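Asks: Below are the structure tokens for one structure; questions will follow.
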Amino acid sequence: GAVVSQHPSRVICKSGTSVKIECRSLDFQATTMFWYRQFPKQSLMLMATSNEGSKATYEQGVEKDKFLINHASLTLSTLTVTSAHPEDSSFYICSPSGTSGVADTQYFGPGTRLTVL
Amino acid sequence: QKEVEQNSGPLSVPEGAIASLNCTYSDRVSQSFFWYRQYSGKSPELIMSIYSNGDKEDGRFTAQLNKASQYVSLLIRDSQPSDSATYLCAVNGQGGSEKLVFGKGTKLTVNP
């Protein structure tokens, strides 16, 4: 499978601060990046989809000004949670898709556990 | 609106038994089907992918797809305690950039 890294793996921050999460696809070019969020005991919910060099497309109910996504290169995408609040505490997971040689397969990063105090 | 349905469980089987996980989907044009395993506190890892009707075997895992019935299943033979996890069914359309739609997952417990 594809090798995907996320940083940081865990972050605790105060309410009102911004947090940046990095996602790197280490062995293939991610033309598309999916960002998911998972609350405890719930399934993955897609937040947004971004294509390299283009603006992200956000799912209904996800605030684009709060969750800033940058996908400037084929190997790196970032998600910035701006002015984080306790309700943003969640498990954030990236999933790159692209020319991995395996059609239609999505692999996931290890995830970032965000806790907002 | 694409939907993917799974029994939430929990499903409990004894060690060595066959665990059967089921999934139905609503979008008839779906082309690609995936089973992911997610351990508590971890991100999902791909177990199986299947694209055409019939069975696909990989070690102790067998995925079964029936597009006419819009049904996909995962069988785990000789279940081990390490198989205890939540299993997510995911479905997408054509093309690698198509969004995945996930079921809510079935929690499996394999008892020693």
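Labels used: A, B, ... for chains in the order of the structure tokens, numbers from 1 for residues in each chain, and numbers from 1 for ligands as shown.
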Contacts from chain B to chain A, 12 Å maximum, only C-alpha atoms: show me the residue list as a ChimeraX atom specification.

Replies: /B:4-6,8,30-51,86-107

Asks: Select from chain B everything DSSP, run on the backbone, classes as strand (DSSP E), then give the selection as a VMD selection string.

Replies: chain B and resid 4 to 6 11 to 14 19 to 25 32 to 38 45 to 50 54 to 58 61 to 66 71 to 76 85 to 92 101 to 102 106 to 111

Asks: Excluding same-chain residues fewer than 4 positions from B:Ile18, what lies within 10 Å of it counting only C-alpha atoms, as a PyMOL selection string?

Replies: chain B and resi 13-14+60-61+75-80+110

Asks: Write a file of the just-selected residues containing all heavy atoms, as a PDB file, in the first residue's frame.

Replies:
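Produced file again_0.pdb, reproduced below:
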ATOM      1  N   VAL B  13     -17.600 -13.459  17.778  1.00  0.00           N
ATOM      2  CA  VAL B  13     -17.379 -14.833  17.327  1.00  0.00           C
ATOM      3  C   VAL B  13     -16.249 -15.444  18.137  1.00  0.00           C
ATOM      4  O   VAL B  13     -15.354 -14.730  18.621  1.00  0.00           O
ATOM      5  CB  VAL B  13     -17.037 -14.896  15.815  1.00  0.00           C
ATOM      6  CG1 VAL B  13     -18.160 -14.305  14.981  1.00  0.00           C
ATOM      7  CG2 VAL B  13     -15.716 -14.227  15.521  1.00  0.00           C
ATOM      8  N   PRO B  14     -16.258 -16.750  18.283  1.00  0.00           N
ATOM      9  CA  PRO B  14     -15.137 -17.403  18.993  1.00  0.00           C
ATOM     10  C   PRO B  14     -13.920 -17.515  18.086  1.00  0.00           C
ATOM     11  O   PRO B  14     -14.037 -17.554  16.854  1.00  0.00           O
ATOM     12  CB  PRO B  14     -15.699 -18.787  19.341  1.00  0.00           C
ATOM     13  CG  PRO B  14     -16.752 -19.032  18.316  1.00  0.00           C
ATOM     14  CD  PRO B  14     -17.323 -17.705  17.957  1.00  0.00           C
ATOM     15  N   ARG B  60      -6.841 -15.155   4.714  1.00  0.00           N
ATOM     16  CA  ARG B  60      -8.036 -15.558   5.466  1.00  0.00           C
ATOM     17  C   ARG B  60      -9.261 -14.721   5.106  1.00  0.00           C
ATOM     18  O   ARG B  60     -10.349 -14.975   5.620  1.00  0.00           O
ATOM     19  CB  ARG B  60      -7.753 -15.425   6.969  1.00  0.00           C
ATOM     20  CG  ARG B  60      -6.666 -16.358   7.482  1.00  0.00           C
ATOM     21  CD  ARG B  60      -6.533 -16.288   9.008  1.00  0.00           C
ATOM     22  NE  ARG B  60      -6.083 -14.986   9.487  1.00  0.00           N
ATOM     23  CZ  ARG B  60      -6.837 -14.139  10.174  1.00  0.00           C
ATOM     24  NH1 ARG B  60      -8.099 -14.433  10.462  1.00  0.00           N
ATOM     25  NH2 ARG B  60      -6.335 -12.982  10.589  1.00  0.00           N
ATOM     26  N   PHE B  61      -9.085 -13.742   4.265  1.00  0.00           N
ATOM     27  CA  PHE B  61     -10.178 -12.835   3.917  1.00  0.00           C
ATOM     28  C   PHE B  61     -10.752 -13.160   2.541  1.00  0.00           C
ATOM     29  O   PHE B  61     -10.017 -13.423   1.601  1.00  0.00           O
ATOM     30  CB  PHE B  61      -9.684 -11.380   3.913  1.00  0.00           C
ATOM     31  CG  PHE B  61      -9.163 -10.912   5.240  1.00  0.00           C
ATOM     32  CD1 PHE B  61      -7.802 -10.955   5.516  1.00  0.00           C
ATOM     33  CD2 PHE B  61     -10.019 -10.443   6.210  1.00  0.00           C
ATOM     34  CE1 PHE B  61      -7.311 -10.522   6.735  1.00  0.00           C
ATOM     35  CE2 PHE B  61      -9.539 -10.007   7.433  1.00  0.00           C
ATOM     36  CZ  PHE B  61      -8.184 -10.049   7.699  1.00  0.00           C
ATOM     37  N   LEU B  75     -15.765 -12.101   4.499  1.00  0.00           N
ATOM     38  CA  LEU B  75     -15.660 -13.263   5.362  1.00  0.00           C
ATOM     39  C   LEU B  75     -14.247 -13.330   5.912  1.00  0.00           C
ATOM     40  O   LEU B  75     -13.281 -13.170   5.155  1.00  0.00           O
ATOM     41  CB  LEU B  75     -15.973 -14.546   4.595  1.00  0.00           C
ATOM     42  CG  LEU B  75     -17.375 -14.661   3.984  1.00  0.00           C
ATOM     43  CD1 LEU B  75     -17.496 -15.965   3.195  1.00  0.00           C
ATOM     44  CD2 LEU B  75     -18.438 -14.586   5.055  1.00  0.00           C
ATOM     45  N   ILE B  76     -14.146 -13.586   7.190  1.00  0.00           N
ATOM     46  CA  ILE B  76     -12.840 -13.777   7.820  1.00  0.00           C
ATOM     47  C   ILE B  76     -12.815 -15.192   8.368  1.00  0.00           C
ATOM     48  O   ILE B  76     -13.561 -15.530   9.295  1.00  0.00           O
ATOM     49  CB  ILE B  76     -12.606 -12.762   8.966  1.00  0.00           C
ATOM     50  CG1 ILE B  76     -12.819 -11.334   8.469  1.00  0.00           C
ATOM     51  CG2 ILE B  76     -11.190 -12.931   9.526  1.00  0.00           C
ATOM     52  CD1 ILE B  76     -12.731 -10.287   9.585  1.00  0.00           C
ATOM     53  N   ARG B  77     -11.970 -16.026   7.763  1.00  0.00           N
ATOM     54  CA  ARG B  77     -11.854 -17.412   8.223  1.00  0.00           C
ATOM     55  C   ARG B  77     -10.844 -17.502   9.351  1.00  0.00           C
ATOM     56  O   ARG B  77      -9.935 -16.674   9.456  1.00  0.00           O
ATOM     57  CB  ARG B  77     -11.420 -18.315   7.060  1.00  0.00           C
ATOM     58  CG  ARG B  77     -12.482 -18.499   5.994  1.00  0.00           C
ATOM     59  CD  ARG B  77     -11.982 -19.457   4.898  1.00  0.00           C
ATOM     60  NE  ARG B  77     -10.771 -18.933   4.256  1.00  0.00           N
ATOM     61  CZ  ARG B  77     -10.799 -17.984   3.334  1.00  0.00           C
ATOM     62  NH1 ARG B  77     -11.944 -17.453   2.956  1.00  0.00           N
ATOM     63  NH2 ARG B  77      -9.669 -17.552   2.803  1.00  0.00           N
ATOM     64  N   ASP B  78     -11.011 -18.542  10.177  1.00  0.00           N
ATOM     65  CA  ASP B  78     -10.066 -18.781  11.280  1.00  0.00           C
ATOM     66  C   ASP B  78      -9.823 -17.474  12.038  1.00  0.00           C
ATOM     67  O   ASP B  78      -8.676 -17.024  12.188  1.00  0.00           O
ATOM     68  CB  ASP B  78      -8.756 -19.344  10.729  1.00  0.00           C
ATOM     69  CG  ASP B  78      -7.805 -19.800  11.825  1.00  0.00           C
ATOM     70  OD1 ASP B  78      -8.285 -20.090  12.943  1.00  0.00           O
ATOM     71  OD2 ASP B  78      -6.585 -19.832  11.580  1.00  0.00           O
ATOM     72  N   SER B  79     -10.900 -16.869  12.501  1.00  0.00           N
ATOM     73  CA  SER B  79     -10.805 -15.567  13.169  1.00  0.00           C
ATOM     74  C   SER B  79      -9.855 -15.615  14.354  1.00  0.00           C
ATOM     75  O   SER B  79      -9.819 -16.593  15.118  1.00  0.00           O
ATOM     76  CB  SER B  79     -12.197 -15.126  13.655  1.00  0.00           C
ATOM     77  OG  SER B  79     -13.058 -14.919  12.562  1.00  0.00           O
ATOM     78  N   GLN B  80      -9.089 -14.555  14.489  1.00  0.00           N
ATOM     79  CA  GLN B  80      -8.123 -14.420  15.575  1.00  0.00           C
ATOM     80  C   GLN B  80      -8.487 -13.218  16.451  1.00  0.00           C
ATOM     81  O   GLN B  80      -9.088 -12.264  15.971  1.00  0.00           O
ATOM     82  CB  GLN B  80      -6.724 -14.224  14.995  1.00  0.00           C
ATOM     83  CG  GLN B  80      -6.256 -15.342  14.082  1.00  0.00           C
ATOM     84  CD  GLN B  80      -6.135 -16.657  14.817  1.00  0.00           C
ATOM     85  OE1 GLN B  80      -5.501 -16.721  15.873  1.00  0.00           O
ATOM     86  NE2 GLN B  80      -6.762 -17.705  14.287  1.00  0.00           N
ATOM     87  N   VAL B 110     -13.451 -10.962  18.527  1.00  0.00           N
ATOM     88  CA  VAL B 110     -13.112 -12.379  18.449  1.00  0.00           C
ATOM     89  C   VAL B 110     -12.644 -12.805  19.828  1.00  0.00           C
ATOM     90  O   VAL B 110     -11.639 -12.311  20.341  1.00  0.00           O
ATOM     91  CB  VAL B 110     -12.012 -12.641  17.405  1.00  0.00           C
ATOM     92  CG1 VAL B 110     -11.689 -14.140  17.343  1.00  0.00           C
ATOM     93  CG2 VAL B 110     -12.442 -12.123  16.041  1.00  0.00           C
TER      94      VAL B 110
END

Asks: Give me, please, the distance in Å between atom CA of A:Pro86 and atom CA of A:Leu117, quoted to one decimal.

Replies: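 Atom CA of A:Leu117 lies 5.8 Å from atom CA of A:Pro86.
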